[in-house]
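run.cif follows; it contains mmCIF, C-alpha atoms.
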```cif
data_target
loop_
_atom_site.group_PDB
_atom_site.id
_atom_site.type_symbol
_atom_site.label_atom_id
_atom_site.label_comp_id
_atom_site.auth_asym_id
_atom_site.auth_seq_id
_atom_site.Cartn_x
_atom_site.Cartn_y
_atom_site.Cartn_z
ATOM 1 C CA GLY U 1 -39.742 -7.221 -75.575
ATOM 2 C CA VAL U 2 -37.979 -4.010 -74.553
ATOM 3 C CA TYR U 3 -40.767 -1.723 -75.740
ATOM 4 C CA GLU U 4 -43.375 -3.794 -73.902
ATOM 5 C CA SER U 5 -41.243 -3.498 -70.762
ATOM 6 C CA LEU U 6 -41.066 0.267 -71.234
ATOM 7 C CA SER U 7 -44.842 0.500 -71.575
ATOM 8 C CA SER U 8 -45.332 -0.999 -68.113
ATOM 9 C CA LEU U 9 -42.984 1.442 -66.389
ATOM 10 C CA ASP U 10 -43.673 4.966 -65.212
ATOM 11 C CA PHE U 11 -40.297 6.547 -65.926
ATOM 12 C CA VAL U 12 -41.240 8.319 -69.153
ATOM 13 C CA ASP U 13 -41.899 11.712 -67.590
ATOM 14 C CA LEU U 14 -39.894 14.159 -69.720
ATOM 15 C CA SER U 15 -40.612 17.274 -67.697
ATOM 16 C CA SER U 16 -37.058 18.062 -66.641
ATOM 17 C CA ASP U 17 -33.455 17.626 -67.727
ATOM 18 C CA LEU U 18 -32.795 15.332 -64.745
ATOM 19 C CA SER U 19 -35.731 13.052 -65.533
ATOM 20 C CA ARG U 20 -34.699 12.906 -69.201
ATOM 21 C CA LEU U 21 -31.194 11.864 -68.161
ATOM 22 C CA ASN U 22 -32.527 9.236 -65.745
ATOM 23 C CA ASN U 23 -34.863 7.913 -68.430
ATOM 24 C CA PHE U 24 -31.990 7.650 -70.867
ATOM 25 C CA HIS U 25 -29.815 5.653 -68.461
ATOM 26 C CA THR U 26 -32.709 3.387 -67.531
ATOM 27 C CA LEU U 27 -33.384 2.636 -71.177
ATOM 28 C CA CYS U 28 -29.707 1.863 -71.786
ATOM 29 C CA ASP U 29 -29.838 -0.655 -68.920
ATOM 30 C CA LEU U 30 -32.916 -2.291 -70.422
ATOM 31 C CA ILE U 31 -31.244 -2.591 -73.806
ATOM 32 C CA LEU U 32 -28.167 -4.218 -72.290
ATOM 33 C CA GLU U 33 -30.238 -6.645 -70.227
ATOM 34 C CA SER U 34 -32.312 -7.671 -73.248
ATOM 35 C CA GLU U 35 -29.180 -8.519 -75.229
ATOM 36 C CA SER U 36 -27.362 -10.442 -72.485
ATOM 37 C CA ASP U 37 -27.121 -14.247 -72.430
ATOM 38 C CA PRO U 38 -30.203 -15.516 -70.492
ATOM 39 C CA THR U 39 -28.289 -18.663 -69.445
ATOM 40 C CA GLY U 40 -25.650 -16.646 -67.689
ATOM 41 C CA LEU U 41 -22.961 -18.811 -69.338
ATOM 42 C CA ASP U 42 -21.571 -16.110 -71.562
ATOM 43 C CA SER U 43 -18.543 -14.791 -69.702
ATOM 44 C CA LYS U 44 -17.557 -12.245 -72.354
ATOM 45 C CA PRO U 45 -17.879 -8.660 -71.091
ATOM 46 C CA GLN U 46 -20.855 -6.757 -72.509
ATOM 47 C CA ASP U 47 -19.945 -3.892 -74.859
ATOM 48 C CA THR U 48 -21.358 -0.797 -73.188
ATOM 49 C CA SER U 49 -19.766 1.712 -75.561
ATOM 50 C CA VAL U 50 -21.199 3.946 -78.260
ATOM 51 C CA VAL U 51 -22.890 1.028 -80.026
ATOM 52 C CA ASP U 52 -25.280 0.447 -77.120
ATOM 53 C CA ILE U 53 -26.011 4.146 -76.631
ATOM 54 C CA ARG U 54 -26.634 4.488 -80.366
ATOM 55 C CA LYS U 55 -29.128 1.631 -80.371
ATOM 56 C CA SER U 56 -30.940 3.013 -77.344
ATOM 57 C CA VAL U 57 -31.182 6.448 -78.973
ATOM 58 C CA ILE U 58 -32.742 4.973 -82.110
ATOM 59 C CA LEU U 59 -35.215 2.995 -79.994
ATOM 60 C CA ARG U 60 -36.162 6.019 -77.900
ATOM 61 C CA VAL U 61 -36.809 8.232 -80.919
ATOM 62 C CA ARG U 62 -38.720 5.615 -82.900
ATOM 63 C CA ASN U 63 -41.014 4.913 -79.960
ATOM 64 C CA GLY U 64 -41.703 8.561 -79.165
ATOM 65 C CA LEU U 65 -39.819 8.638 -75.859
ATOM 66 C CA SER U 66 -37.581 11.620 -76.631
ATOM 67 C CA SER U 67 -38.295 15.302 -76.168
ATOM 68 C CA MET U 68 -37.478 17.902 -78.814
ATOM 69 C CA GLU U 69 -34.439 19.039 -76.853
ATOM 70 C CA GLU U 70 -33.126 15.485 -76.602
ATOM 71 C CA VAL U 71 -33.435 14.980 -80.345
ATOM 72 C CA MET U 72 -31.461 18.168 -80.937
ATOM 73 C CA ASP U 73 -28.740 16.772 -78.670
ATOM 74 C CA TYR U 74 -28.747 13.471 -80.574
ATOM 75 C CA MET U 75 -28.344 15.301 -83.887
ATOM 76 C CA GLU U 76 -25.185 16.870 -82.487
ATOM 77 C CA GLU U 77 -23.789 13.748 -80.835
ATOM 78 C CA PHE U 78 -24.381 11.450 -83.829
ATOM 79 C CA VAL U 79 -23.716 13.946 -86.587
ATOM 80 C CA ASN U 80 -21.447 11.473 -88.423
ATOM 81 C CA ASP U 81 -23.855 8.528 -88.183
ATOM 82 C CA VAL U 82 -26.122 8.504 -91.237
ATOM 83 C CA GLU U 83 -28.507 5.860 -89.877
ATOM 84 C CA VAL U 84 -29.174 7.868 -86.734
ATOM 85 C CA GLN U 85 -29.562 11.048 -88.780
ATOM 86 C CA VAL U 86 -32.191 9.330 -90.958
ATOM 87 C CA VAL U 87 -34.199 8.408 -87.850
ATOM 88 C CA LEU U 88 -33.893 11.932 -86.447
ATOM 89 C CA CYS U 89 -34.793 13.649 -89.745
ATOM 90 C CA LYS U 90 -37.842 11.399 -90.053
ATOM 91 C CA TRP U 91 -38.810 12.399 -86.519
ATOM 92 C CA LEU U 92 -38.566 16.095 -87.468
ATOM 93 C CA ALA U 93 -40.724 15.554 -90.547
ATOM 94 C CA SER U 94 -43.403 13.780 -88.508
ATOM 95 C CA PHE U 95 -44.336 16.795 -86.399
ATOM 96 C CA GLU U 96 -46.670 18.271 -88.993
ATOM 97 C CA PRO U 97 -48.877 16.764 -91.712
ATOM 98 C CA ASP U 98 -47.905 17.349 -95.326
ATOM 99 C CA GLU U 99 -51.503 18.283 -96.216
ATOM 100 C CA LYS U 100 -52.268 21.875 -95.229
ATOM 101 C CA GLU U 101 -55.923 21.117 -94.548
ATOM 102 C CA ASN U 102 -54.889 18.765 -91.727
ATOM 103 C CA ILE U 103 -52.833 21.328 -89.804
ATOM 104 C CA LEU U 104 -54.036 22.019 -86.264
ATOM 105 C CA PRO U 105 -52.939 24.693 -83.738
ATOM 106 C CA ILE U 106 -50.711 22.124 -81.999
ATOM 107 C CA HIS U 107 -48.755 21.670 -85.228
ATOM 108 C CA VAL U 108 -48.126 25.407 -85.427
ATOM 109 C CA SER U 109 -46.884 25.339 -81.829
ATOM 110 C CA HIS U 110 -44.510 22.479 -82.680
ATOM 111 C CA ARG U 111 -43.232 24.416 -85.683
ATOM 112 C CA ILE U 112 -42.467 27.479 -83.587
ATOM 113 C CA LYS U 113 -40.741 25.370 -80.928
ATOM 114 C CA LEU U 114 -38.595 23.517 -83.465
ATOM 115 C CA LYS U 115 -37.419 26.771 -84.980
ATOM 116 C CA SER U 116 -36.550 28.182 -81.567
ATOM 117 C CA ILE U 117 -34.289 25.261 -80.571
ATOM 118 C CA GLY U 118 -32.206 25.129 -83.747
ATOM 119 C CA ALA U 119 -33.930 22.348 -85.678
ATOM 120 C CA ALA U 120 -33.448 24.069 -89.039
ATOM 121 C CA GLU U 121 -29.704 24.435 -88.572
ATOM 122 C CA ARG U 122 -29.241 20.772 -87.636
ATOM 123 C CA LEU U 123 -31.530 19.545 -90.397
ATOM 124 C CA LEU U 124 -29.741 21.517 -93.111
ATOM 125 C CA ARG U 125 -26.388 20.279 -91.839
ATOM 126 C CA ALA U 126 -27.580 16.679 -92.166
ATOM 127 C CA MET U 127 -28.743 17.365 -95.719
ATOM 128 C CA ARG U 128 -25.346 18.846 -96.585
ATOM 129 C CA LEU U 129 -23.471 15.926 -95.044
ATOM 130 C CA TYR U 130 -25.544 13.218 -96.757
ATOM 131 C CA PRO U 131 -26.610 14.551 -100.172
ATOM 132 C CA ARG U 132 -26.896 11.071 -101.699
ATOM 133 C CA ASN U 133 -29.036 9.582 -98.960
ATOM 134 C CA SER U 134 -32.589 9.779 -100.307
ATOM 135 C CA ASP U 135 -34.181 9.365 -96.857
ATOM 136 C CA VAL U 136 -32.272 12.264 -95.321
ATOM 137 C CA GLN U 137 -33.114 14.400 -98.345
ATOM 138 C CA LEU U 138 -36.803 13.472 -98.423
ATOM 139 C CA PHE U 139 -37.365 14.030 -94.707
ATOM 140 C CA GLY U 140 -35.296 17.199 -94.958
ATOM 141 C CA CYS U 141 -37.463 18.541 -97.786
ATOM 142 C CA LYS U 142 -40.623 17.669 -95.847
ATOM 143 C CA THR U 143 -39.401 19.500 -92.761
ATOM 144 C CA ILE U 144 -38.426 22.562 -94.807
ATOM 145 C CA LEU U 145 -41.902 22.448 -96.365
ATOM 146 C CA HIS U 146 -43.448 22.554 -92.902
ATOM 147 C CA LEU U 147 -41.140 25.250 -91.554
ATOM 148 C CA THR U 148 -41.842 27.572 -94.517
ATOM 149 C CA ARG U 149 -45.602 27.656 -93.898
ATOM 150 C CA GLU U 150 -45.495 31.149 -92.446
ATOM 151 C CA SER U 151 -44.039 34.550 -93.145
ATOM 152 C CA GLN U 152 -41.097 34.100 -90.775
ATOM 153 C CA SER U 153 -39.006 32.203 -93.321
ATOM 154 C CA ARG U 154 -36.204 34.731 -93.804
ATOM 155 C CA ARG U 155 -33.875 32.869 -91.459
ATOM 156 C CA LEU U 156 -34.428 29.608 -93.336
ATOM 157 C CA VAL U 157 -33.438 31.377 -96.536
ATOM 158 C CA SER U 158 -30.359 32.873 -94.885
ATOM 159 C CA LEU U 159 -29.356 29.391 -93.672
ATOM 160 C CA GLY U 160 -29.441 28.068 -97.239
ATOM 161 C CA ALA U 161 -32.712 26.126 -97.298
ATOM 162 C CA PRO U 162 -33.490 26.985 -100.962
ATOM 163 C CA GLU U 163 -30.054 25.783 -102.029
ATOM 164 C CA MET U 164 -30.547 22.491 -100.198
ATOM 165 C CA LEU U 165 -33.930 21.989 -101.862
ATOM 166 C CA LEU U 166 -32.332 22.523 -105.257
ATOM 167 C CA GLU U 167 -29.487 20.139 -104.473
ATOM 168 C CA ALA U 168 -31.956 17.488 -103.347
ATOM 169 C CA MET U 169 -33.907 17.875 -106.581
ATOM 170 C CA GLY U 170 -30.742 17.610 -108.635
ATOM 171 C CA SER U 171 -29.327 14.597 -106.800
ATOM 172 C CA HIS U 172 -32.631 12.694 -106.746
ATOM 173 C CA ALA U 173 -34.263 13.743 -109.997
ATOM 174 C CA GLY U 174 -36.053 10.412 -110.328
ATOM 175 C CA LEU U 175 -37.772 10.501 -106.941
ATOM 176 C CA VAL U 176 -41.193 12.056 -107.397
ATOM 177 C CA GLU U 177 -41.810 12.716 -103.705
ATOM 178 C CA ILE U 178 -38.619 14.745 -103.315
ATOM 179 C CA GLN U 179 -39.425 16.727 -106.472
ATOM 180 C CA SER U 180 -43.005 17.494 -105.429
ATOM 181 C CA THR U 181 -42.106 18.329 -101.822
ATOM 182 C CA ALA U 182 -39.341 20.720 -102.868
ATOM 183 C CA CYS U 183 -41.634 22.408 -105.405
ATOM 184 C CA GLU U 184 -44.280 22.941 -102.726
ATOM 185 C CA ALA U 185 -41.664 24.396 -100.370
ATOM 186 C CA PHE U 186 -40.673 26.866 -103.118
ATOM 187 C CA THR U 187 -44.336 27.831 -103.374
ATOM 188 C CA ASN U 188 -44.352 28.565 -99.637
ATOM 189 C CA LEU U 189 -41.232 30.699 -99.931
ATOM 190 C CA THR U 190 -42.837 32.846 -102.623
ATOM 191 C CA LYS U 191 -46.259 32.939 -100.961
ATOM 192 C CA TYR U 192 -45.216 33.693 -97.385
ATOM 193 C CA GLY U 193 -42.079 35.706 -98.054
ATOM 194 C CA ASP U 194 -40.549 37.987 -100.647
ATOM 195 C CA HIS U 195 -38.084 35.394 -101.911
ATOM 196 C CA GLY U 196 -39.199 34.969 -105.527
ATOM 197 C CA GLN U 197 -36.318 36.876 -107.092
ATOM 198 C CA HIS U 198 -33.799 35.099 -104.895
ATOM 199 C CA LEU U 199 -35.139 31.736 -106.080
ATOM 200 C CA VAL U 200 -34.942 32.848 -109.711
ATOM 201 C CA ASP U 201 -31.348 33.962 -109.188
ATOM 202 C CA LEU U 202 -30.523 30.508 -107.791
ATOM 203 C CA GLY U 203 -31.897 28.848 -110.916
ATOM 204 C CA ALA U 204 -34.949 27.387 -109.206
ATOM 205 C CA LEU U 205 -37.266 28.171 -112.116
ATOM 206 C CA GLU U 206 -35.251 26.059 -114.561
ATOM 207 C CA ILE U 207 -34.969 23.133 -112.151
ATOM 208 C CA VAL U 208 -38.679 23.195 -111.320
ATOM 209 C CA MET U 209 -39.570 23.270 -115.019
ATOM 210 C CA ARG U 210 -37.207 20.353 -115.620
ATOM 211 C CA ALA U 211 -38.938 18.395 -112.858
ATOM 212 C CA MET U 212 -42.352 19.162 -114.334
ATOM 213 C CA GLU U 213 -41.208 17.919 -117.731
ATOM 214 C CA ALA U 214 -39.593 14.757 -116.338
ATOM 215 C CA HIS U 215 -42.669 13.907 -114.265
ATOM 216 C CA LYS U 216 -45.441 15.280 -116.462
ATOM 217 C CA SER U 217 -47.625 12.263 -115.666
ATOM 218 C CA GLU U 218 -47.397 13.016 -111.933
ATOM 219 C CA PRO U 219 -49.993 15.615 -110.894
ATOM 220 C CA VAL U 220 -48.211 16.266 -107.584
ATOM 221 C CA VAL U 221 -45.257 17.772 -109.475
#
```
Encoded form using structure tokens:
Amino acid sequence: GVYESLSSLDFVDLSSDLSRLNNFHTLCDLILESESDPTGLDSKPQDTSVVDIRKSVILRVRNGLSSMEEVMDYMEEFVNDVEVQVVLCKWLASFEPDEKENILPIHVSHRIKLKSIGAAERLLRAMRLYPRNSDVQLFGCKTILHLTRESQSRRLVSLGAPEMLLEAMGSHAGLVEIQSTACEAFTNLTKYGDHGQHLVDLGALEIVMRAMEAHKSEPVV
């Protein structure tokens, strides 16, 4: 219902801060209207607090109506809401394919833009806050994998990305996709930057070998 209504409107221009703000308020109004009593008999006041804003944020992000800058704002505003963080981390991971052969110039541009607006810092914070949430950790590992596909990875290392990969592997040892994604990100860090010794010092070699042994039947690991 709400998404179909959005598709017929022309307010999704995200070219300026003002239009983004107007879009956000319009969407909130649509959400509230869709949840109101169609008979008009419900006299209870509608809750227009954080719950409604939270739901509208999730809807906007899932339906591709948010700009990169808006998502960064949401990661700050809803830092203590794990469900919202899962949606936002998934959004970050979706900006680039996992398979290197499918990367296009637009993906590289997205990667550069995400780095420039603080995506890595917010992503790593979410991973630290929710170490047991497998979705946050998986999407976090995928995003780190994408962001380490170039030589400019020193800042990611300084922010603690290798440590977060290792923690994700340790906390979710049974999840093959987390293990394989983290291992591939380590490969990027050694291939595109001089971080091999740092990874060895962190104990990455032992943890990767443990993952290979535990998942020896999985070629991706």
Separation of atom CA of Asp135 of chain U and atom CA of Trp91 of chain U, in Å? 11.7 Å
Apply the PyMOL selection byres ((chain U and resi 148) around 12) to the displayed file and report the matching residues as a PyMOL selection string. chain U and resi 96+98+100+108+111-112+115+120+141-147+149-157+161-162+181-182+184-193+195
So which residues touch segment 57-65 of chain U within 8 Å, counting only C-alpha atoms, skipping near sequence neighbours fewer than 3 positions away, as a list in words? Tyr3, Val12, Ile53, Arg54, Val71, Tyr74, Val84, Val87, Leu88 and Trp91 of chain U
Residues within 10 Å of Leu138 of chain U, please, as a count of residues only. Count all atoms listed in the file; anything in the same chain fewer than 2 positions from it doesn't count. 24
With 3 Å on each side, where is the centre of the axis-aligned box around all listed atoms of segment 167-180 of chain U, and how long are its edges in Å to one decimal, as JSON?
```
{"center_x": -36.2, "center_y": 15.3, "center_z": -106.8, "size_x": 19.7, "size_y": 15.7, "size_z": 13.0}
```
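Here the question is which of U:Asp201, U:Glu218, U:Glu83, U:Asp194 gets nearest to Lys55 of chain U using only C-alpha atoms, and that residue is U:Glu83.
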Hey, can you check how far atom CA of Asp81 of chain U sits from atom CA of Val51 of chain U?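 Here the two named atoms are 11.1 Å from each other.
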Take the PyMOL selection byres ((chain U and resi 210) around 12), run it mentally on this structure, and tell me the resulting residues as an MDAnalysis selection string. chainID U and resid 166 169:170 173:174 179 183 203:209 211:216 221
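Put simply, atom CA of Pro131 of chain U is 16.5 Å away from atom CA of Val176 of chain U.
Run against this file, the PyMOL selection byres ((chain U and resi 73) around 12) gives back Asp17, Arg20, Leu21, Val57, Val61, Ser66, Ser67, Met68, Glu69, Glu70, Val71, Met72, Tyr74, Met75, Glu76, Glu77, Phe78, Val79, Gln85, Leu88, Ile117, Gly118, Ala119 and Arg122 of chain U.
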Generate the output file for the selected residues, C-alpha atoms, as a JSON list (two decimals), keeping the file's coordinate frame.
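Listed below is the output, again.json:
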```
[["chain", "number", "residue", "atom", "x", "y", "z"],
["U", 17, "ASP", "CA", -33.46, 17.63, -67.73],
["U", 20, "ARG", "CA", -34.70, 12.91, -69.20],
["U", 21, "LEU", "CA", -31.19, 11.86, -68.16],
["U", 57, "VAL", "CA", -31.18, 6.45, -78.97],
["U", 61, "VAL", "CA", -36.81, 8.23, -80.92],
["U", 66, "SER", "CA", -37.58, 11.62, -76.63],
["U", 67, "SER", "CA", -38.30, 15.30, -76.17],
["U", 68, "MET", "CA", -37.48, 17.90, -78.81],
["U", 69, "GLU", "CA", -34.44, 19.04, -76.85],
["U", 70, "GLU", "CA", -33.13, 15.48, -76.60],
["U", 71, "VAL", "CA", -33.44, 14.98, -80.34],
["U", 72, "MET", "CA", -31.46, 18.17, -80.94],
["U", 74, "TYR", "CA", -28.75, 13.47, -80.57],
["U", 75, "MET", "CA", -28.34, 15.30, -83.89],
["U", 76, "GLU", "CA", -25.18, 16.87, -82.49],
["U", 77, "GLU", "CA", -23.79, 13.75, -80.83],
["U", 78, "PHE", "CA", -24.38, 11.45, -83.83],
["U", 79, "VAL", "CA", -23.72, 13.95, -86.59],
["U", 85, "GLN", "CA", -29.56, 11.05, -88.78],
["U", 88, "LEU", "CA", -33.89, 11.93, -86.45],
["U", 117, "ILE", "CA", -34.29, 25.26, -80.57],
["U", 118, "GLY", "CA", -32.21, 25.13, -83.75],
["U", 119, "ALA", "CA", -33.93, 22.35, -85.68],
["U", 122, "ARG", "CA", -29.24, 20.77, -87.64]]
```
